[in-house]
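To be precise, the following lines are model00.cif, and they hold mmCIF, C-alpha atoms.
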```cif
data_coords
loop_
_atom_site.label_atom_id
_atom_site.label_comp_id
_atom_site.auth_asym_id
_atom_site.auth_seq_id
_atom_site.Cartn_x
_atom_site.Cartn_y
_atom_site.Cartn_z
CA MET H 18 17.77 -53.20 -3.06
CA GLU H 19 18.19 -51.24 0.15
CA ARG H 20 21.80 -50.48 -0.75
CA SER H 21 20.67 -49.20 -4.15
CA CYS H 22 18.17 -46.81 -2.55
CA ALA H 23 20.76 -45.47 -0.13
CA SER H 24 23.19 -44.92 -2.95
CA LEU H 25 20.56 -43.09 -4.98
CA GLU H 26 19.74 -40.75 -2.07
CA GLU H 27 23.39 -39.93 -1.62
CA THR H 28 23.79 -38.86 -5.25
CA ILE H 29 20.77 -36.50 -5.38
CA ASP H 30 21.73 -32.89 -4.57
CA PRO H 31 19.27 -30.71 -2.71
CA PRO H 32 17.44 -28.21 -4.93
CA VAL H 33 19.22 -24.92 -5.44
CA PRO H 34 17.10 -22.04 -4.09
CA LEU H 35 15.89 -19.58 -6.71
CA LEU H 36 17.21 -16.72 -4.60
CA PRO H 37 20.14 -17.82 -2.45
CA PRO H 38 20.27 -16.06 0.92
CA ALA H 39 22.90 -13.40 1.38
CA SER H 40 26.16 -14.69 2.76
CA ARG H 41 27.63 -13.51 6.03
CA SER H 42 30.27 -11.50 4.17
CA GLN H 43 27.56 -9.78 2.07
CA THR H 44 25.63 -8.83 5.19
CA LYS H 45 28.76 -7.45 6.82
CA ALA H 46 29.69 -5.49 3.70
CA LEU H 47 26.20 -4.00 3.50
CA GLU H 48 26.39 -2.87 7.13
CA ALA H 49 29.74 -1.20 6.50
CA GLN H 50 28.30 0.55 3.45
CA LEU H 51 25.31 1.84 5.40
CA LEU H 52 27.15 2.82 8.57
CA GLY H 53 30.19 4.29 6.85
CA GLY H 54 32.65 1.69 8.12
CA GLU H 55 33.06 -1.00 10.72
CA ARG H 56 31.90 -0.56 14.29
CA THR H 57 35.02 0.48 16.20
CA LEU H 58 33.78 2.96 18.81
CA LYS H 59 32.00 2.72 22.14
CA ARG H 60 29.38 5.21 23.23
CA ARG H 61 31.77 7.15 25.49
CA ASP H 62 34.22 7.45 22.60
CA VAL H 63 31.57 8.99 20.37
CA ALA H 64 30.30 11.40 23.06
CA ALA H 65 33.84 12.53 23.88
CA GLY H 66 34.67 12.98 20.20
CA ALA H 67 31.62 15.21 19.76
CA GLY H 68 32.49 17.14 22.91
CA VAL H 69 29.33 16.36 24.89
CA SER H 70 28.47 14.42 27.98
CA LEU H 71 27.26 10.86 27.64
CA LEU H 72 23.91 11.99 29.09
CA SER H 73 23.42 14.54 26.29
CA ALA H 74 24.51 12.03 23.66
CA ARG H 75 22.02 9.48 24.98
CA LYS H 76 19.19 12.04 24.75
CA ILE H 77 19.95 12.53 21.07
CA TRP H 78 20.27 8.80 20.38
CA ARG H 79 16.97 8.12 22.13
CA ALA H 80 15.35 10.84 19.98
CA MET H 81 16.74 9.06 16.92
CA GLY H 82 15.12 5.84 18.13
CA PHE H 83 18.35 3.95 18.84
CA PRO H 84 18.36 1.19 21.49
CA ASN H 85 20.23 1.58 24.77
CA LEU H 86 23.77 0.22 24.69
CA GLY H 87 26.27 -0.56 27.42
CA ASP H 88 29.64 1.08 27.98
CA ASP H 89 31.45 -1.97 26.61
CA ASP H 90 29.42 -2.33 23.41
CA VAL H 91 31.46 -1.54 20.30
CA ALA H 92 28.51 -0.32 18.25
CA PHE H 93 29.46 2.98 16.61
CA THR H 94 31.44 4.26 13.63
CA PRO H 95 33.07 7.66 12.95
CA ARG H 96 29.94 8.60 11.03
CA ASP H 97 27.93 8.32 14.27
CA GLN H 98 30.29 10.82 15.82
CA ASP H 99 29.89 13.18 12.85
CA ALA H 100 26.09 13.01 13.11
CA LEU H 101 26.16 13.68 16.85
CA SER H 102 28.48 16.65 16.24
CA ILE H 103 26.00 18.14 13.74
CA VAL H 104 23.23 18.25 16.37
CA VAL H 105 25.58 19.59 19.04
CA THR H 106 26.90 22.32 16.73
CA MET H 107 23.39 23.54 15.86
CA VAL H 108 22.68 24.03 19.57
CA ARG H 109 26.04 25.63 20.39
CA GLU H 110 25.77 28.08 17.50
CA GLY H 111 22.29 29.11 18.62
CA LEU H 112 20.50 27.78 15.54
CA LEU H 113 18.28 25.59 17.73
CA THR H 114 17.55 25.29 21.41
CA GLU H 115 18.32 21.92 22.97
CA GLU H 116 14.61 21.13 23.25
CA THR H 117 13.98 21.99 19.59
CA ALA H 118 17.04 20.02 18.48
CA ILE H 119 15.70 16.95 20.27
CA SER H 120 12.27 17.42 18.67
CA VAL H 121 13.72 17.85 15.17
CA THR H 122 15.99 14.84 15.69
CA ARG H 123 13.05 12.75 16.84
CA SER H 124 11.13 13.69 13.69
CA ILE H 125 14.01 12.44 11.54
CA GLY H 126 14.34 9.22 13.52
CA GLN H 127 10.65 8.36 13.46
CA MET H 128 10.07 9.21 9.81
CA THR H 129 13.17 7.43 8.49
CA ASP H 130 12.39 4.37 10.61
CA ARG H 131 8.96 4.02 8.99
CA MET H 132 10.43 4.78 5.57
CA ALA H 133 13.12 2.11 5.90
CA VAL H 134 10.61 -0.55 6.97
CA TRP H 135 8.29 0.44 4.11
CA GLN H 136 11.09 0.17 1.54
CA ILE H 137 12.32 -3.20 2.79
CA GLU H 138 8.79 -4.59 2.72
CA ALA H 139 8.33 -3.29 -0.83
CA LEU H 140 11.54 -5.06 -1.93
CA VAL H 141 10.44 -8.27 -0.26
CA GLU H 142 7.04 -8.12 -1.99
CA ASP H 143 8.78 -7.54 -5.32
CA LEU H 144 11.04 -10.58 -4.87
CA VAL H 145 8.06 -12.75 -3.95
CA ALA H 146 6.08 -11.60 -6.99
CA GLU H 147 8.93 -11.69 -9.52
CA HIS H 148 10.64 -14.91 -8.47
CA GLY H 149 7.81 -16.91 -6.97
CA VAL H 150 9.68 -17.51 -3.71
CA SER H 151 8.28 -17.59 -0.21
CA ASP H 152 8.21 -14.53 2.02
CA ALA H 153 10.92 -16.06 4.23
CA GLU H 154 13.22 -16.71 1.25
CA ALA H 155 12.71 -13.18 -0.03
CA ARG H 156 13.66 -11.69 3.34
CA ARG H 157 16.86 -13.72 3.46
CA ALA H 158 17.75 -12.65 -0.08
CA VAL H 159 16.87 -8.95 0.10
CA VAL H 160 20.31 -8.05 1.48
CA SER H 161 21.80 -8.95 -1.90
CA GLU H 162 19.46 -6.50 -3.66
CA LEU H 163 20.17 -3.46 -1.51
CA PRO H 164 23.80 -2.38 -2.24
CA ASN H 165 23.00 -1.04 -5.72
CA LEU H 166 19.89 0.77 -4.45
CA ILE H 167 21.36 2.72 -1.53
CA LYS H 168 22.79 5.65 -3.49
CA PRO H 169 19.78 6.31 -5.77
CA LEU H 170 17.37 5.94 -2.85
CA GLU H 171 19.48 8.33 -0.76
CA GLU H 172 19.48 10.90 -3.57
CA LEU H 173 15.71 10.61 -3.90
CA LEU H 174 15.35 11.05 -0.14
CA VAL H 175 17.31 14.32 -0.13
CA TYR H 176 15.43 15.57 -3.20
CA SER H 177 12.04 14.73 -1.68
CA TYR H 178 12.98 16.24 1.68
CA ARG H 179 13.86 19.57 0.07
CA ARG H 180 10.67 19.61 -1.96
CA GLN H 181 8.53 18.67 1.04
CA LEU H 182 10.29 21.24 3.23
CA ASN H 183 9.52 23.94 0.69
CA ALA H 184 5.90 22.79 0.45
CA GLY H 185 5.64 22.84 4.24
CA ILE H 186 7.03 26.37 4.39
CA GLN H 187 4.50 27.51 1.81
CA ARG H 188 1.57 25.86 3.64
CA LEU H 189 2.49 26.70 7.22
CA ALA H 190 4.18 30.09 6.88
CA VAL H 191 3.91 31.88 3.55
CA ARG H 192 0.24 31.03 2.88
CA ALA H 193 -0.88 30.78 6.51
CA ALA H 194 -3.19 33.77 6.03
CA GLU H 195 -5.14 32.18 3.15
CA GLY H 196 -8.77 31.39 3.81
CA LEU H 197 -9.06 33.55 6.93
CA ALA H 198 -12.32 35.10 5.75
CA GLU H 199 -13.92 31.66 5.55
CA SER H 200 -12.49 30.64 8.90
CA ALA H 201 -14.26 33.54 10.58
CA LEU H 202 -17.62 32.07 9.65
CA GLY H 203 -19.50 30.81 12.68
CA ARG H 204 -17.03 32.32 15.14
CA GLU H 205 -17.13 35.53 17.14
CA GLY H 206 -14.13 37.77 17.70
CA ASP H 207 -11.33 38.86 15.39
CA GLU H 208 -8.50 36.97 13.78
CA ASP H 209 -5.99 37.58 16.56
CA ASP H 210 -8.01 36.02 19.37
CA THR H 211 -8.03 32.42 18.15
CA PRO H 212 -5.92 29.94 20.13
CA LEU H 213 -5.43 27.74 17.04
CA PRO H 214 -3.30 29.32 14.32
CA LEU H 215 -4.14 27.47 11.10
CA ALA H 216 -7.37 27.53 9.11
CA ARG H 217 -7.70 24.15 7.42
CA ALA H 218 -10.15 21.77 5.81
CA VAL H 219 -9.83 18.51 7.72
CA GLY H 220 -11.19 15.26 6.36
CA PHE H 221 -11.43 11.58 7.21
CA ALA H 222 -12.11 8.66 4.87
CA ASP H 223 -13.03 5.36 6.51
CA LEU H 224 -13.49 2.03 4.72
CA VAL H 225 -16.86 0.41 5.40
CA SER H 226 -16.91 -3.06 7.04
CA TYR H 227 -13.12 -3.23 7.24
CA THR H 228 -13.12 -5.19 10.52
CA SER H 229 -15.38 -7.96 9.21
CA LEU H 230 -13.47 -8.08 5.92
CA SER H 231 -10.15 -8.42 7.71
CA ARG H 232 -11.43 -11.49 9.57
CA ARG H 233 -12.35 -13.23 6.32
CA MET H 234 -9.27 -12.31 4.26
CA ASN H 235 -5.89 -13.96 4.33
CA GLU H 236 -2.83 -11.82 5.10
CA LYS H 237 -1.82 -11.23 1.48
CA THR H 238 -5.28 -10.15 0.39
CA LEU H 239 -5.68 -7.87 3.39
CA ALA H 240 -2.27 -6.30 2.74
CA LYS H 241 -3.26 -5.73 -0.89
CA LEU H 242 -6.52 -4.07 0.19
CA VAL H 243 -4.84 -1.72 2.66
CA GLN H 244 -2.08 -0.84 0.21
CA ARG H 245 -4.56 -0.13 -2.58
CA PHE H 246 -6.66 2.04 -0.28
CA GLU H 247 -3.65 4.05 0.87
CA ASN H 248 -2.29 4.46 -2.67
CA ILE H 249 -5.59 5.72 -4.07
CA CYS H 250 -6.07 8.12 -1.15
CA ALA H 251 -2.51 9.43 -1.40
CA GLU H 252 -2.87 10.15 -5.12
CA ILE H 253 -6.21 11.90 -4.82
CA ILE H 254 -5.15 13.98 -1.83
CA SER H 255 -1.87 15.09 -3.44
CA VAL H 256 -3.47 15.88 -6.82
CA GLY H 257 -6.17 17.84 -4.99
CA GLY H 258 -3.54 19.98 -3.26
CA GLY H 259 -3.96 18.45 0.18
CA ARG H 260 -1.70 16.68 2.62
CA LEU H 261 -2.13 13.11 3.82
CA VAL H 262 -1.53 13.53 7.54
CA LYS H 263 -1.62 9.85 8.47
CA THR H 264 -3.19 6.49 7.78
CA ILE H 265 -4.59 4.27 10.52
CA GLY H 266 -5.37 0.92 8.97
CA ASP H 267 -8.74 1.48 7.31
CA GLU H 268 -8.79 5.25 7.76
CA VAL H 269 -6.95 8.26 6.36
CA LEU H 270 -6.74 11.77 7.78
CA PHE H 271 -5.99 14.66 5.41
CA ASN H 272 -6.06 18.42 5.40
CA CYS H 273 -5.83 21.25 2.86
CA GLU H 274 -5.88 25.02 2.75
CA THR H 275 -9.39 25.85 1.53
CA PRO H 276 -12.89 24.43 2.06
CA VAL H 277 -13.29 24.03 -1.72
CA ALA H 278 -10.16 21.87 -1.97
CA GLY H 279 -11.37 19.82 0.99
CA ALA H 280 -14.76 19.29 -0.63
CA GLN H 281 -13.23 18.23 -3.96
CA ILE H 282 -10.88 15.76 -2.28
CA SER H 283 -13.68 14.33 -0.11
CA LEU H 284 -15.98 13.74 -3.07
CA ALA H 285 -13.17 12.21 -5.13
CA LEU H 286 -12.29 9.80 -2.32
CA ALA H 287 -15.88 8.60 -1.91
CA GLU H 288 -16.30 8.22 -5.67
CA ALA H 289 -13.01 6.36 -6.11
CA MET H 290 -13.82 3.77 -3.44
CA ALA H 291 -17.34 3.26 -4.82
CA ALA H 292 -15.95 2.70 -8.33
CA ASP H 293 -13.26 0.23 -7.25
CA ASP H 294 -14.28 -3.42 -7.58
CA PHE H 295 -11.77 -4.59 -4.97
CA LEU H 296 -12.33 -2.01 -2.24
CA PRO H 297 -15.45 -1.52 -0.11
CA GLU H 298 -17.15 1.87 -0.08
CA ALA H 299 -15.93 4.62 2.20
CA ARG H 300 -17.55 7.01 4.63
CA VAL H 301 -16.08 10.50 4.29
CA ALA H 302 -16.46 13.69 6.32
CA MET H 303 -14.84 17.10 6.06
CA VAL H 304 -14.87 20.12 8.39
CA TRP H 305 -13.48 23.60 7.79
CA GLY H 306 -12.00 25.19 10.91
CA ARG H 307 -8.95 25.77 13.06
CA VAL H 308 -6.23 23.24 13.88
CA LEU H 309 -2.98 22.98 15.78
CA SER H 310 -0.12 21.38 13.82
CA ARG H 311 2.43 19.53 15.96
CA LEU H 312 4.76 16.55 15.45
CA GLY H 313 3.55 16.14 11.87
CA ASP H 314 -0.03 15.63 13.09
CA ILE H 315 -3.00 17.96 13.56
CA TYR H 316 -5.17 18.45 16.64
CA GLY H 317 -8.19 20.35 17.86
CA PRO H 318 -12.00 20.35 17.82
CA THR H 319 -12.08 20.55 14.01
CA VAL H 320 -10.29 17.19 13.77
CA ASN H 321 -12.54 15.64 16.41
CA LEU H 322 -15.73 16.85 14.71
CA ALA H 323 -14.58 15.49 11.34
CA ALA H 324 -13.96 12.11 12.97
CA ARG H 325 -17.41 12.11 14.61
CA LEU H 326 -19.13 13.04 11.34
CA THR H 327 -17.36 10.20 9.53
CA SER H 328 -19.06 7.68 11.80
CA LEU H 329 -22.46 9.24 10.94
CA ALA H 330 -21.98 9.14 7.16
CA GLU H 331 -23.67 6.47 5.05
CA PRO H 332 -21.40 4.30 2.89
CA GLY H 333 -20.31 6.15 -0.23
CA THR H 334 -21.35 9.59 1.05
CA VAL H 335 -19.66 12.75 2.32
CA LEU H 336 -20.84 14.77 5.31
CA VAL H 337 -19.87 18.30 6.36
CA ASP H 338 -21.02 20.48 9.25
CA SER H 339 -23.17 23.60 8.92
CA VAL H 340 -20.23 26.03 9.14
CA THR H 341 -18.42 24.21 6.32
CA ALA H 342 -21.65 24.14 4.30
CA THR H 343 -21.91 27.92 4.69
CA ALA H 344 -18.37 28.32 3.36
CA LEU H 345 -19.29 26.20 0.29
CA ALA H 346 -22.75 27.69 -0.30
CA GLY H 347 -23.26 29.36 -3.67
CA ASP H 348 -20.57 27.29 -5.40
CA ASP H 349 -22.34 25.40 -8.21
CA ARG H 350 -19.74 22.63 -8.06
CA PHE H 351 -21.42 21.34 -4.91
CA ILE H 352 -24.91 20.33 -3.83
CA LEU H 353 -25.60 20.73 -0.11
CA THR H 354 -28.56 19.00 1.56
CA GLY H 355 -29.33 19.52 5.22
CA LEU H 356 -29.98 16.37 7.27
CA PRO H 357 -31.82 15.89 10.60
CA MET H 358 -30.08 17.04 13.76
CA GLU H 359 -27.74 14.54 15.37
CA HIS H 360 -26.35 14.36 18.88
CA VAL H 361 -22.56 14.16 18.58
CA ARG H 362 -20.47 13.23 21.60
CA GLY H 363 -18.46 16.23 22.75
CA PHE H 364 -20.35 18.66 20.51
CA GLY H 365 -24.00 18.27 21.43
CA GLU H 366 -26.66 18.79 18.74
CA ILE H 367 -25.25 19.51 15.29
CA SER H 368 -26.73 19.75 11.80
CA PRO H 369 -24.88 17.45 9.39
CA VAL H 370 -25.04 18.38 5.72
CA LEU H 371 -24.79 15.92 2.84
CA LEU H 372 -22.21 17.06 0.27
CA GLN H 373 -22.72 15.92 -3.33
CA ARG H 374 -21.15 16.80 -6.64
CA GLY H 375 -22.75 19.58 -8.64
CA GLN H 376 -21.38 20.96 -11.89
CA GLY H 377 -17.87 20.22 -13.11
CA GLN H 378 -15.70 17.16 -13.25
CA GLY H 379 -13.80 17.49 -9.99
CA ILE H 380 -10.35 15.99 -9.37
CA VAL H 381 -8.86 13.96 -12.21
CA VAL H 382 -6.04 11.55 -11.35
CA ASP H 383 -4.24 10.76 -14.59
#
```
As structure tokens - that is how I would like this structure written.
Amino acid sequence: MERSCASLEETIDPPVPLLPPASRSQTKALEAQLLGGERTLKRRDVAAGAGVSLLSARKIWRAMGFPNLGDDDVAFTPRDQDALSIVVTMVREGLLTEETAISVTRSIGQMTDRMAVWQIEALVEDLVAEHGVSDAEARRAVVSELPNLIKPLEELLVYSYRRQLNAGIQRLAVRAAEGLAESALGREGDEDDTPLPLARAVGFADLVSYTSLSRRMNEKTLAKLVQRFENICAEIISVGGGRLVKTIGDEVLFNCETPVAGAQISLALAEAMAADDFLPEARVAMVWGRVLSRLGDIYGPTVNLAARLTSLAEPGTVLVDSVTATALAGDDRFILTGLPMEHVRGFGEISPVLLQRGQGQGIVVD
């Protein structure tokens, strides 16, 4: 009997995984496709080929977010040398100063790093959902899915970059003078004396009770909640003509060019969260004022005041300050109700104003 059992065990093959992990040769081929060839160069070879010192090359690589490598590490391809030469040439031809070149390079490195992680996670989630495999299995198999996606994703990246660059030029340069009359409200002096160059509506939306919810939810449910929140916010903000500056877990920061656009986006965000059965309500606040735009982020007292007002808002409501309320006054699309004075850290006594929808439908996300 024992012999029979042993024989039976020997004849049963292990189950074939639904998504076999990528082989070593597939992984190597994918790396060659992404890097433009095999790694054949050391860091001194690449620096010399680009005609710069190793110190200068390392500055650029650090800006790109690359790890430190030793002199004996064969880690580079000819494409690395071409990329380094592009940055060096821009500086030598006077298109950019060295400092600006490093800053621009860092922007590319940081944004593409986040983008790559986002895309890989999306592919992993898709494999888990479509094939019913575990997260670990999906991560081992995702390498097999990527080769056919690289070219179309790269083309979309270039297309999106050009569109976003044009939009940025329009917002930050061509239309920089828009809304200056409103920005003068509540401020003494003329337009040339302000230390902050851009007049913007700045808003925050913050999910209510996110911390307690996150403690009770499992990882998948929490990830679904955050993703849904970000997706809804991104759609409303873009349709409303704003820019999603950043997301920080349960909070989004956005800006736009007029107080009216900021008010419409703020109301739409509060309404969308209240109407969603899966998401908790949101506190929203918006302030019209001056900001400094640097490193893809925005700074200044306007941003700080919007953040402080968000913490004062009741769930499902939108608050603005008195200056913003003045800019919106007389527009029948909005109802403005003054609230009792509040002491706000860093600003002293302020008069928050409740913003509600008046006439009109507002933003429609189709």
- Given the PyMOL selection byres ((chain H and resi 70-80) around 12), the residues it picks as a PyMOL selection string: chain H and resi 59-69+81-88+93+97-98+100-105+108+115-128+130
For the residues in the current selection, export C-alpha atoms as a PDB file, in the coordinates of the input.
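again.pdb was written with the following content:
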```
ATOM      1  CA  LYS H  59      32.000   2.720  22.140  1.00  0.00           C
ATOM      2  CA  ARG H  60      29.380   5.210  23.230  1.00  0.00           C
ATOM      3  CA  ARG H  61      31.770   7.150  25.490  1.00  0.00           C
ATOM      4  CA  ASP H  62      34.220   7.450  22.600  1.00  0.00           C
ATOM      5  CA  VAL H  63      31.570   8.990  20.370  1.00  0.00           C
ATOM      6  CA  ALA H  64      30.300  11.400  23.060  1.00  0.00           C
ATOM      7  CA  ALA H  65      33.840  12.530  23.880  1.00  0.00           C
ATOM      8  CA  GLY H  66      34.670  12.980  20.200  1.00  0.00           C
ATOM      9  CA  ALA H  67      31.620  15.210  19.760  1.00  0.00           C
ATOM     10  CA  GLY H  68      32.490  17.140  22.910  1.00  0.00           C
ATOM     11  CA  VAL H  69      29.330  16.360  24.890  1.00  0.00           C
ATOM     12  CA  MET H  81      16.740   9.060  16.920  1.00  0.00           C
ATOM     13  CA  GLY H  82      15.120   5.840  18.130  1.00  0.00           C
ATOM     14  CA  PHE H  83      18.350   3.950  18.840  1.00  0.00           C
ATOM     15  CA  PRO H  84      18.360   1.190  21.490  1.00  0.00           C
ATOM     16  CA  ASN H  85      20.230   1.580  24.770  1.00  0.00           C
ATOM     17  CA  LEU H  86      23.770   0.220  24.690  1.00  0.00           C
ATOM     18  CA  GLY H  87      26.270  -0.560  27.420  1.00  0.00           C
ATOM     19  CA  ASP H  88      29.640   1.080  27.980  1.00  0.00           C
ATOM     20  CA  PHE H  93      29.460   2.980  16.610  1.00  0.00           C
ATOM     21  CA  ASP H  97      27.930   8.320  14.270  1.00  0.00           C
ATOM     22  CA  GLN H  98      30.290  10.820  15.820  1.00  0.00           C
ATOM     23  CA  ALA H 100      26.090  13.010  13.110  1.00  0.00           C
ATOM     24  CA  LEU H 101      26.160  13.680  16.850  1.00  0.00           C
ATOM     25  CA  SER H 102      28.480  16.650  16.240  1.00  0.00           C
ATOM     26  CA  ILE H 103      26.000  18.140  13.740  1.00  0.00           C
ATOM     27  CA  VAL H 104      23.230  18.250  16.370  1.00  0.00           C
ATOM     28  CA  VAL H 105      25.580  19.590  19.040  1.00  0.00           C
ATOM     29  CA  VAL H 108      22.680  24.030  19.570  1.00  0.00           C
ATOM     30  CA  GLU H 115      18.320  21.920  22.970  1.00  0.00           C
ATOM     31  CA  GLU H 116      14.610  21.130  23.250  1.00  0.00           C
ATOM     32  CA  THR H 117      13.980  21.990  19.590  1.00  0.00           C
ATOM     33  CA  ALA H 118      17.040  20.020  18.480  1.00  0.00           C
ATOM     34  CA  ILE H 119      15.700  16.950  20.270  1.00  0.00           C
ATOM     35  CA  SER H 120      12.270  17.420  18.670  1.00  0.00           C
ATOM     36  CA  VAL H 121      13.720  17.850  15.170  1.00  0.00           C
ATOM     37  CA  THR H 122      15.990  14.840  15.690  1.00  0.00           C
ATOM     38  CA  ARG H 123      13.050  12.750  16.840  1.00  0.00           C
ATOM     39  CA  SER H 124      11.130  13.690  13.690  1.00  0.00           C
ATOM     40  CA  ILE H 125      14.010  12.440  11.540  1.00  0.00           C
ATOM     41  CA  GLY H 126      14.340   9.220  13.520  1.00  0.00           C
ATOM     42  CA  GLN H 127      10.650   8.360  13.460  1.00  0.00           C
ATOM     43  CA  MET H 128      10.070   9.210   9.810  1.00  0.00           C
ATOM     44  CA  ASP H 130      12.390   4.370  10.610  1.00  0.00           C
TER      45      ASP H 130
END
```
- Message: Show me, as a VMD selection string, the residues that have an atom within 8 Å of Leu270 (chain H) when counting all atoms listed in the file, minus same-chain residues fewer than 5 positions from it.
- Response: chain H and resid 219 to 222 261 to 264
- Task: Given the file shown, determine the residues that the PyMOL selection byres ((chain H and resi 268) around 12) selects; report them as a PyMOL selection string.
- Result: chain H and resi 220-228+243-244+246-247+250-251+261-267+269-271+286+298-302+324+327-328
Would you save the residues from that selection as a PDB file, keeping the file's coordinate frame, using C-alpha atoms?
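What ended up in result-v1.pdb:
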```
ATOM      1  CA  GLY H 220     -11.190  15.260   6.360  1.00  0.00           C
ATOM      2  CA  PHE H 221     -11.430  11.580   7.210  1.00  0.00           C
ATOM      3  CA  ALA H 222     -12.110   8.660   4.870  1.00  0.00           C
ATOM      4  CA  ASP H 223     -13.030   5.360   6.510  1.00  0.00           C
ATOM      5  CA  LEU H 224     -13.490   2.030   4.720  1.00  0.00           C
ATOM      6  CA  VAL H 225     -16.860   0.410   5.400  1.00  0.00           C
ATOM      7  CA  SER H 226     -16.910  -3.060   7.040  1.00  0.00           C
ATOM      8  CA  TYR H 227     -13.120  -3.230   7.240  1.00  0.00           C
ATOM      9  CA  THR H 228     -13.120  -5.190  10.520  1.00  0.00           C
ATOM     10  CA  VAL H 243      -4.840  -1.720   2.660  1.00  0.00           C
ATOM     11  CA  GLN H 244      -2.080  -0.840   0.210  1.00  0.00           C
ATOM     12  CA  PHE H 246      -6.660   2.040  -0.280  1.00  0.00           C
ATOM     13  CA  GLU H 247      -3.650   4.050   0.870  1.00  0.00           C
ATOM     14  CA  CYS H 250      -6.070   8.120  -1.150  1.00  0.00           C
ATOM     15  CA  ALA H 251      -2.510   9.430  -1.400  1.00  0.00           C
ATOM     16  CA  LEU H 261      -2.130  13.110   3.820  1.00  0.00           C
ATOM     17  CA  VAL H 262      -1.530  13.530   7.540  1.00  0.00           C
ATOM     18  CA  LYS H 263      -1.620   9.850   8.470  1.00  0.00           C
ATOM     19  CA  THR H 264      -3.190   6.490   7.780  1.00  0.00           C
ATOM     20  CA  ILE H 265      -4.590   4.270  10.520  1.00  0.00           C
ATOM     21  CA  GLY H 266      -5.370   0.920   8.970  1.00  0.00           C
ATOM     22  CA  ASP H 267      -8.740   1.480   7.310  1.00  0.00           C
ATOM     23  CA  VAL H 269      -6.950   8.260   6.360  1.00  0.00           C
ATOM     24  CA  LEU H 270      -6.740  11.770   7.780  1.00  0.00           C
ATOM     25  CA  PHE H 271      -5.990  14.660   5.410  1.00  0.00           C
ATOM     26  CA  LEU H 286     -12.290   9.800  -2.320  1.00  0.00           C
ATOM     27  CA  GLU H 298     -17.150   1.870  -0.080  1.00  0.00           C
ATOM     28  CA  ALA H 299     -15.930   4.620   2.200  1.00  0.00           C
ATOM     29  CA  ARG H 300     -17.550   7.010   4.630  1.00  0.00           C
ATOM     30  CA  VAL H 301     -16.080  10.500   4.290  1.00  0.00           C
ATOM     31  CA  ALA H 302     -16.460  13.690   6.320  1.00  0.00           C
ATOM     32  CA  ALA H 324     -13.960  12.110  12.970  1.00  0.00           C
ATOM     33  CA  THR H 327     -17.360  10.200   9.530  1.00  0.00           C
ATOM     34  CA  SER H 328     -19.060   7.680  11.800  1.00  0.00           C
TER      35      SER H 328
END
```
- Item | Output of the PyMOL selection byres ((chain H and resi 160) around 12), listed as a PyMOL selection string | chain H and resi 36-48+50-51+137+140-141+144+154-159+161-167
- Calculate how many Å separate CA of Gly313 (chain H) from CA of Ile254 (chain H), rounding to one decimal.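 Computing the Euclidean distance for CA of Gly313 (chain H) and CA of Ile254 (chain H) yields 16.4 Å.
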- Task: Enter the distance from CA of Glu138 (chain H) to CA of Val382 (chain H), in Å, rounded to one decimal.
- Result: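 The value is 26.0 Å.
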- Item | Spatial neighbours of Arg325 (chain H), max dist 12 Å, only C-alpha atoms, sep filter under 3 positions, as a count of residues only | 29
- Item | Separation of CA of Thr57 (chain H) from CA of Thr94 (chain H), in Å and rounded to one decimal |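 According to the coordinates, CA of Thr57 (chain H) and CA of Thr94 (chain H) are separated by 5.8 Å.
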- Point (-0.1, 15.8, -1.5) neighbourhood (12 Å, only C-alpha atoms) written as a list in words: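 Checked against the point, the hits come out as Arg180, Gln181, Ala184, Gly185, Arg188, Asn248, Ile249, Cys250, Ala251, Glu252, Ile253, Ile254, Ser255, Val256, Gly257, Gly258, Gly259, Arg260, Leu261, Val262, Lys263, Phe271, Asn272, Cys273, Glu274, Ala278 and Ile282 of chain H.
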Produce a file of the selected residues containing C-alpha atoms, as a tab-separated table (two decimals), in the coordinates of the input.
```tsv
chain	number	residue	atom	x	y	z
H	180	ARG	CA	10.67	19.61	-1.96
H	181	GLN	CA	8.53	18.67	1.04
H	184	ALA	CA	5.90	22.79	0.45
H	185	GLY	CA	5.64	22.84	4.24
H	188	ARG	CA	1.57	25.86	3.64
H	248	ASN	CA	-2.29	4.46	-2.67
H	249	ILE	CA	-5.59	5.72	-4.07
H	250	CYS	CA	-6.07	8.12	-1.15
H	251	ALA	CA	-2.51	9.43	-1.40
H	252	GLU	CA	-2.87	10.15	-5.12
H	253	ILE	CA	-6.21	11.90	-4.82
H	254	ILE	CA	-5.15	13.98	-1.83
H	255	SER	CA	-1.87	15.09	-3.44
H	256	VAL	CA	-3.47	15.88	-6.82
H	257	GLY	CA	-6.17	17.84	-4.99
H	258	GLY	CA	-3.54	19.98	-3.26
H	259	GLY	CA	-3.96	18.45	0.18
H	260	ARG	CA	-1.70	16.68	2.62
H	261	LEU	CA	-2.13	13.11	3.82
H	262	VAL	CA	-1.53	13.53	7.54
H	263	LYS	CA	-1.62	9.85	8.47
H	271	PHE	CA	-5.99	14.66	5.41
H	272	ASN	CA	-6.06	18.42	5.40
H	273	CYS	CA	-5.83	21.25	2.86
H	274	GLU	CA	-5.88	25.02	2.75
H	278	ALA	CA	-10.16	21.87	-1.97
H	282	ILE	CA	-10.88	15.76	-2.28
```
